[in-house]
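Encoded as structure tokens, the structure appears first; notes follow it.
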Amino acid sequence: MKHVTSRTILLAVFLLAPLQVSAAEYLLYYLGGQSNMDGYGFVSELPEGWSGPVDRVMIFQGNQGVDGEKAGGEGLWVPLQPGFGTGFSSDGVNNVLSNRFGPELAFGRRIAERNPAARIAIVKYSRGGTSLLEGASGYGNWEPDSERGGGWNQYDFALATIRNALSIADIDGDGEADTLLPAGIVWMQGEADAYDNPIAARAYRENLQRMMNLLRAALRVDDLPVAIGRINDSGRDEDGLLMDYSPVVQRAQADYTASDRCAALVEMNDAVGWSDDWHYGTRDYILLGAGFADAIHDLSADCP
């Protein structure tokens, strides 16, 4: 059985500094995972009217870190717009937008529609190819107890992103401090654990629940609404499964969300318009982001 180490506890405590009190309130959502959270939708293929900033929605996207290095999680608050997909980067002073977008764009638009009187704040940190189980991927992992490379990994960078985002008192630059009210977690990940490692796939149910509990703790709400994106398999392999253990991880995701009254599974239909073997098409990221927003909003009726 896995245990939360003193390192994990110290990081969590570091995040528990009081939030700033202010007249302006924002509903705060954390978005995390791997490449289909990064986003491979093409900005050039967005519908008409989607090119500009999204009204009432701010975003802080943490710069991706590499396991074993301490740099990661830098960013700054800006209005949500296209360009926060794969290829995005930030040094904490300037953001470099890409020509891609992910679920955050439609999520921000839809959650604002569902909350017409609210301001929305999105904190996003994700990294393509990363697994929950240490050693299951060459792109990095989210293992809270990792000791490899000095212990720095994706979990640390996610916490750093949240910490950096919450350290900004005035996120919209109007000269007054803002209050950020945690309202939900969105998670799109699991392909790396489902690819070719049976141990990672079998451990995914426990690891997923643990990660969601830790993220809830970082945001200080035990029953915060959680939306889990069900992984999809393109089937582009000789045996019909690109990921040998995708059914195992899919069952784990379904089992977790069924067991948690404040969690929901968001599924894409079978007609995914794949842009390559692993990543969805432009239209799919719009549908996925909107689906996440609807799931979180519906959960919020019974969960804080």
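Naming scheme: A, B, ... for chains in displayed order of the structure tokens; residues 1 onward per chain; ligands 1 onward as shown.
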
Could you give me, as JSON lines, a per-residue list for stretch 141-257 of chain A showing, wherever an atom lies at most 12 Å from an atom of stretch 79-89 of chain A, the closest pair of atoms and their distance in Å to one decimal, using only C-alpha atoms and sorting by chain then residue number from low to high?
```
{"residue": "A:Ile171", "atom": "CA", "partner": "A:Pro79", "partner_atom": "CA", "distance": 9.6}
{"residue": "A:Asp172", "atom": "CA", "partner": "A:Pro79", "partner_atom": "CA", "distance": 8.1}
{"residue": "A:Gly173", "atom": "CA", "partner": "A:Pro79", "partner_atom": "CA", "distance": 10.7}
```

Contact table stretch 202-276 of chain A vs stretch 176-193 of chain A, cut-off 10 Å, shortest pair per residue, only C-alpha atoms, as JSON lines:
```
{"residue": "A:Arg202", "atom": "CA", "partner": "A:Asp193", "partner_atom": "CA", "distance": 8.9}
{"residue": "A:Ala203", "atom": "CA", "partner": "A:Asp193", "partner_atom": "CA", "distance": 8.7}
{"residue": "A:Tyr204", "atom": "CA", "partner": "A:Asp193", "partner_atom": "CA", "distance": 7.1}
{"residue": "A:Leu208", "atom": "CA", "partner": "A:Gly190", "partner_atom": "CA", "distance": 8.9}
{"residue": "A:Met211", "atom": "CA", "partner": "A:Trp187", "partner_atom": "CA", "distance": 9.9}
{"residue": "A:Met212", "atom": "CA", "partner": "A:Ile185", "partner_atom": "CA", "distance": 8.1}
{"residue": "A:Leu215", "atom": "CA", "partner": "A:Ile185", "partner_atom": "CA", "distance": 7.9}
{"residue": "A:Arg216", "atom": "CA", "partner": "A:Ile185", "partner_atom": "CA", "distance": 7.9}
{"residue": "A:Leu219", "atom": "CA", "partner": "A:Pro182", "partner_atom": "CA", "distance": 6.3}
{"residue": "A:Arg220", "atom": "CA", "partner": "A:Pro182", "partner_atom": "CA", "distance": 8.0}
{"residue": "A:Val221", "atom": "CA", "partner": "A:Pro182", "partner_atom": "CA", "distance": 7.4}
{"residue": "A:Asp223", "atom": "CA", "partner": "A:Gly184", "partner_atom": "CA", "distance": 9.4}
{"residue": "A:Leu224", "atom": "CA", "partner": "A:Gly184", "partner_atom": "CA", "distance": 5.6}
{"residue": "A:Pro225", "atom": "CA", "partner": "A:Gly184", "partner_atom": "CA", "distance": 4.8}
{"residue": "A:Val226", "atom": "CA", "partner": "A:Ile185", "partner_atom": "CA", "distance": 4.7}
{"residue": "A:Ala227", "atom": "CA", "partner": "A:Val186", "partner_atom": "CA", "distance": 4.8}
{"residue": "A:Ile228", "atom": "CA", "partner": "A:Trp187", "partner_atom": "CA", "distance": 5.0}
{"residue": "A:Gly229", "atom": "CA", "partner": "A:Met188", "partner_atom": "CA", "distance": 4.8}
{"residue": "A:Arg230", "atom": "CA", "partner": "A:Met188", "partner_atom": "CA", "distance": 7.4}
{"residue": "A:Ile231", "atom": "CA", "partner": "A:Gly190", "partner_atom": "CA", "distance": 6.4}
{"residue": "A:Asn232", "atom": "CA", "partner": "A:Glu191", "partner_atom": "CA", "distance": 8.1}
{"residue": "A:Asp233", "atom": "CA", "partner": "A:Glu191", "partner_atom": "CA", "distance": 8.4}
{"residue": "A:Leu242", "atom": "CA", "partner": "A:Glu191", "partner_atom": "CA", "distance": 9.7}
{"residue": "A:Met243", "atom": "CA", "partner": "A:Glu191", "partner_atom": "CA", "distance": 7.2}
{"residue": "A:Asp244", "atom": "CA", "partner": "A:Asp193", "partner_atom": "CA", "distance": 9.9}
{"residue": "A:Tyr245", "atom": "CA", "partner": "A:Asp193", "partner_atom": "CA", "distance": 8.0}
{"residue": "A:Ser246", "atom": "CA", "partner": "A:Glu191", "partner_atom": "CA", "distance": 7.2}
{"residue": "A:Val248", "atom": "CA", "partner": "A:Asp193", "partner_atom": "CA", "distance": 9.7}
{"residue": "A:Val249", "atom": "CA", "partner": "A:Gly190", "partner_atom": "CA", "distance": 6.8}
{"residue": "A:Gln250", "atom": "CA", "partner": "A:Gly190", "partner_atom": "CA", "distance": 8.5}
{"residue": "A:Ala252", "atom": "CA", "partner": "A:Gly190", "partner_atom": "CA", "distance": 9.9}
{"residue": "A:Gln253", "atom": "CA", "partner": "A:Gly190", "partner_atom": "CA", "distance": 8.8}
{"residue": "A:Cys262", "atom": "CA", "partner": "A:Gly184", "partner_atom": "CA", "distance": 9.7}
{"residue": "A:Ala263", "atom": "CA", "partner": "A:Ile185", "partner_atom": "CA", "distance": 9.3}
{"residue": "A:Ala264", "atom": "CA", "partner": "A:Val186", "partner_atom": "CA", "distance": 9.8}
{"residue": "A:Leu265", "atom": "CA", "partner": "A:Trp187", "partner_atom": "CA", "distance": 9.9}
{"residue": "A:Val266", "atom": "CA", "partner": "A:Met188", "partner_atom": "CA", "distance": 9.4}
```

(message) If DSSP is run on the backbone, what residues of stretch 115-298 of chain A are strand (DSSP E or B)? A reply as a ChimeraX atom specification would be ideal.
(response) /A:119-126,131,141,178-188,226-229,263-266

Would you output that residue set with C-alpha atoms, as a CSV table (one decimal), in the first residue's frame?
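Wrote it out as again-v6.csv, contents follow:
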```
chain,number,residue,atom,x,y,z
A,119,ARG,CA,-16.2,35.0,-13.1
A,120,ILE,CA,-14.2,31.9,-14.0
A,121,ALA,CA,-10.5,31.1,-13.2
A,122,ILE,CA,-8.8,28.1,-14.8
A,123,VAL,CA,-5.5,26.7,-13.5
A,124,LYS,CA,-4.0,24.2,-16.0
A,125,TYR,CA,-1.0,22.0,-15.8
A,126,SER,CA,-0.5,18.9,-17.9
A,131,SER,CA,1.8,8.2,-16.3
A,141,ASN,CA,5.2,10.6,-13.9
A,178,ASP,CA,-9.6,38.7,-5.9
A,179,THR,CA,-11.0,35.7,-4.1
A,180,LEU,CA,-10.6,32.3,-5.8
A,181,LEU,CA,-13.3,29.7,-4.8
A,182,PRO,CA,-12.3,26.1,-5.7
A,183,ALA,CA,-15.1,24.7,-7.8
A,184,GLY,CA,-13.8,21.6,-9.6
A,185,ILE,CA,-11.1,19.4,-11.0
A,186,VAL,CA,-10.9,18.1,-14.6
A,187,TRP,CA,-8.6,15.2,-15.4
A,188,MET,CA,-7.7,13.8,-18.9
A,226,VAL,CA,-14.2,15.9,-10.3
A,227,ALA,CA,-14.7,15.1,-14.0
A,228,ILE,CA,-12.6,12.3,-15.4
A,229,GLY,CA,-12.2,12.0,-19.2
A,263,ALA,CA,-17.0,12.5,-9.5
A,264,ALA,CA,-18.3,11.9,-13.1
A,265,LEU,CA,-17.0,10.1,-16.1
A,266,VAL,CA,-17.0,12.1,-19.4
```

(request) Measure the distance from atom CA of A:Gln64 to atom CA of A:Pro103 in Å and round it to one decimal. (result)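 Distance reported for this atom pair: 16.9 Å.
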